[in-house]
Structure formats: C-alpha cells, structure tokens
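Scroll down for the structure; my scribbles are underneath it.
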Amino acid sequence: MNENLKLMLEPEFFRAIILPALIGGIAVTICASLLGVTLVLKKYSMIGDGLSHIGYGALSIGAVMNLAPLKIALPVVIISAFILLRLNENSKLHGDSAIALFSTTALAIGILVSSKAGLTNDVSQYMFGSILAMSTEDVVISVAMSVIVILAFIFLYNRIFAVTFDENFARATGVNSGMYNMIFAVLTAVTVVLGMMMMGSLLISSLIVIPSLTAMRVCRSFRGVVITSALISVISFLIGIFIALLMNTTPGASIVIVNAVFFVIFSVIGKFRK
C-alpha cells in the first residue's frame with residue numbers, strides 16, 4: 001500500500017490533519033461554486049482572481065508585521081471588493097480593467113515586501129496553498145460561511161435570480177440590488193481569503209469559475225446550474241485531494257485538473273445533447 005495512503009488512514013493523522021482539511025475544503029468549495037454562478041453570469045468572474053492577488057499582498061504584509069493572516073487579509077480584501085464594485089458601477093474604469101490595476105499592484109507590493117524582509121519562503125504557501133495546514137479557526141469560519149451562503153440561496157433564491165439576470169428589473173420590483181451586490185462582494189472576499197489557504201492565490205479563482213462553467217454546459221435552468229455546480233465542485237475537491245495524497249502531488253493543482261476534466265466531459269455531453 002502507498003505510504004501516503006497508509007499515513008492518511010491512521011486514525012490520529014486522519015482526525016488531526018485530513019478531517020479538518022476535508023471539512024474546511026468542502027465548505028470553501030461550496031461557497032465558491034455557489035457565488036461563482038452569479039459572478040460568472042454577471043460577467044464579473046475575474047473578481048476572484050483579483051481579490052486573491054490583493055489578499056496575497058495583505059497576507060505578505062501581515063507576515064512581515066508578525067500579525068495573524070486572517071486578521072489583516074479579511075478587512076483589506078473586503079474593502080477592496082467594495083471599491084472594485086463601486087468602480088464597476090460608477091467609474092469609467094470598469095470590470096477587468098479595475099481588477100487588473102488593483103490586483104497586479106497588490107501582488108507586486110506583496111512580493112516586494114516579502115522578498116525585502118526575507119520571508120519569500122514563509123509566504124509562498126499563500127501563493128500555492130496548503131490545505132493540510134488549515135487551522136481550526138479556518139475550518140470554523142469556512143463552515144459558517146458555507147451555511148450562510150447556502151441559506152442565502154435557499155431563502156433569497158428569487159431575489160438572487162433577479163439581481164443576477166436583470167438588475168433594472170430587480171430594482172423595479174423593489175429589490176435593493178445594490179445591497180445584494182455588496183453582500184455578494186463581502187461573501188466573495190471572505191471565500192477568496194479562506195480559499196487562498198487551500199488553493200493559493202494563483203488557483204483560487206478556478207473554484208469560482210470552472211464548476212459554474214461546467215454546469216452551464218448541460219443545465220438550462222438557474223437552479224440546475226446552482227445545484228450541479230456545487231456537486232461538481234465538491235466531487236472534484238474530494239477526487240483531487242485523494243489523488244494528491246495518493247500520488248504525492250500538490251492538492252490545489254490536482255483539484256483544478258479534476259475540475260478541468262469534468263469541464264471537458266460535460267462539454268462533450270452538452271454537444272451530444274444538442
């Protein structure tokens with residue numbers, strides 16, 4: 001039996017390392033996939049990539065200042081999400097241009113600060129992720145976030161649907177679309193920061209984008225896309241983690257590859273259905 005698999009099956013190791021990673025990882029993937037459906041349909045999916053780079057810069061500064069990563073990254077990324085949203089709504093600097101400006105600048109600051117302080121290796125986990133190093137605090141916040149997002153989609157489904165497809169119509173029917181956009185910005189920001197612990201800043205946007213696009217290959221209803229996206233995301237995560245532990249590969253990259261394989265399979269199925 002593979003040595004990694006033997007270690008994984010040891011009760012003490014499984015309880016202390018694998019189980020928290022599975023719980024936290026599933027929670028983050030559910031959040032990312034559900035939020036991703038709305039972000040992709042609103043053509044704002046790259047906000048995940050932009051916020052992850054901003055988060056990397058904040059985490060690097062936090063590491064240099066010897067501060068808890070979440071305590072500095074969360075407020076910075078949430079504020080950045082608000083700013084990007086406002087720029088997209090009220091400025092000539094729209095969408096991908098605003099994201100590119102903020103994200104590349106923040107990423108450069110993070111690299112500069114960490115390299116100058118000699119902490120390049122210490123913050124590299126934020127670039128590539130380290131899911132097996134998720135703390136109890138990370139897992140608790142991830143599960144809480146997952147519950148909030150799931151409940152939001154259950155109880156506010158009609159309003160989320162309206163805001164996603166036609167904000168003008170939503171406003172005409174009395175829905176405060178601005179408030180919903182702000183809520184989604186906050187939830188996305190928190191999900192991105194938590195996802196960085198798992199996938200790294202380079203790969204977290206894949207959890208937001210790929211499951212949604214995959215579900216859209218075969219599903220024709222918003223509800224179907226939401227449910228299928230969440231299922232694909234969780235299944236890809238579990239398969240990716242198992243492959244990573246079995247073959248000693250990077251968990252984040254393995255999860256992305258599995259997601260990409262599902263995208264290809266669902267694309268083929270979608271072609272045949274047509």
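By order of appearance in the structure tokens: chains A, B, ..., then residues from 1 within every chain, and ligands from 1 in the order shown.
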Rows by chain and residue number, range 180-247 of chain A within 9 Å of range 22-25 of chain A, shortest pair, only C-alpha atoms, as a tab-separated table:
```
residue	atom	partner	partner_atom	distance
A:Leu194	CA	A:Gly24	CA	8.9
A:Gly195	CA	A:Gly25	CA	8.0
A:Met198	CA	A:Gly25	CA	7.0
A:Val234	CA	A:Gly25	CA	8.5
A:Phe237	CA	A:Gly25	CA	7.4
A:Leu238	CA	A:Leu22	CA	7.7
A:Ile241	CA	A:Leu22	CA	8.4
```
From the DSSP assignment of the backbone, select every residue of range 82-229 of chain A that is alpha helix (DSSP H), and format the answer as a PyMOL selection string.
chain A and resi 82-90+95-116+120-128+136-155+157-165+167-172+177-199+204-216+222-229
Selection: 12 Å around Phe272 in chain A, only C-alpha atoms, excl. self and same-chain fewer than 4 positions, as a compact mmCIF listing (two decimals) with N, CA, C and O atoms, in the first residue's frame:
```txt
# COMPACT_ATOMS: atom_id res chain seq x y z
N ARG A 217 -22.70 23.79 -19.17
CA ARG A 217 -22.60 23.00 -20.41
C ARG A 217 -23.83 22.12 -20.61
O ARG A 217 -24.19 21.82 -21.76
N VAL A 218 -24.46 21.69 -19.50
CA VAL A 218 -25.56 20.73 -19.62
C VAL A 218 -26.87 21.23 -19.01
O VAL A 218 -27.93 20.72 -19.36
N ILE A 265 -15.59 16.78 -20.02
CA ILE A 265 -16.62 15.72 -20.10
C ILE A 265 -18.00 16.32 -20.28
O ILE A 265 -18.78 15.89 -21.15
N PHE A 266 -18.32 17.34 -19.48
CA PHE A 266 -19.64 17.96 -19.57
C PHE A 266 -19.81 18.72 -20.89
O PHE A 266 -20.93 18.81 -21.41
N SER A 267 -18.72 19.26 -21.43
CA SER A 267 -18.80 19.93 -22.72
C SER A 267 -19.16 18.94 -23.82
O SER A 267 -19.98 19.24 -24.70
N VAL A 268 -18.55 17.77 -23.77
CA VAL A 268 -18.86 16.71 -24.75
C VAL A 268 -20.30 16.26 -24.61
O VAL A 268 -21.03 16.09 -25.60
```
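The residue set within 12 Å of Phe222 in chain A, counting only C-alpha atoms and dropping same-chain residues fewer than 2 places from it, reads Leu34, Val37, Thr38, Val40, Leu41, Phe153, Tyr157, Asn158, Ile160, Phe161, Ala162, Thr164, Phe165, Ser212, Ala215, Met216, Val218, Cys219, Arg220, Gly224, Val225, Val226, Ile227, Thr228 and Ser229 of chain A.
Among the candidate residues A:Ala260, A:Leu74, A:Ala81, A:Leu19, the one lying nearest to Val193 in chain A is A:Leu74, with distances computed using only C-alpha atoms.
Atom pair CA of Gly178 in chain A / CA of Val149 in chain A has a distance of 17.6 Å (rounded to one decimal).
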If I take CA of Ile239 in chain A and CA of Val28 in chain A, how far is one from the other in Å, to one decimal?
15.4 Å
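Of the listed residues A:Leu151, A:Leu245, A:Lys271, A:Ser103, the one whose atoms come nearest to Gly48 in chain A is A:Ser103, with distances taken using only C-alpha atoms.
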Tell me which of A:Met145, A:Ala189, A:Met46, A:Met182 sits closest to Thr29 in chain A, counting only C-alpha atoms.
A:Met145
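In this model, the gap between CA of Cys31 in chain A and CA of Ser146 in chain A comes to 5.3 Å.
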Tell me, as number ranges by chain, which residues lie within 10 Å of Gly240 in chain A, counting only C-alpha atoms; anything in the same chain fewer than 2 positions away does not count.
A: 234-238, 242-246, 249-259
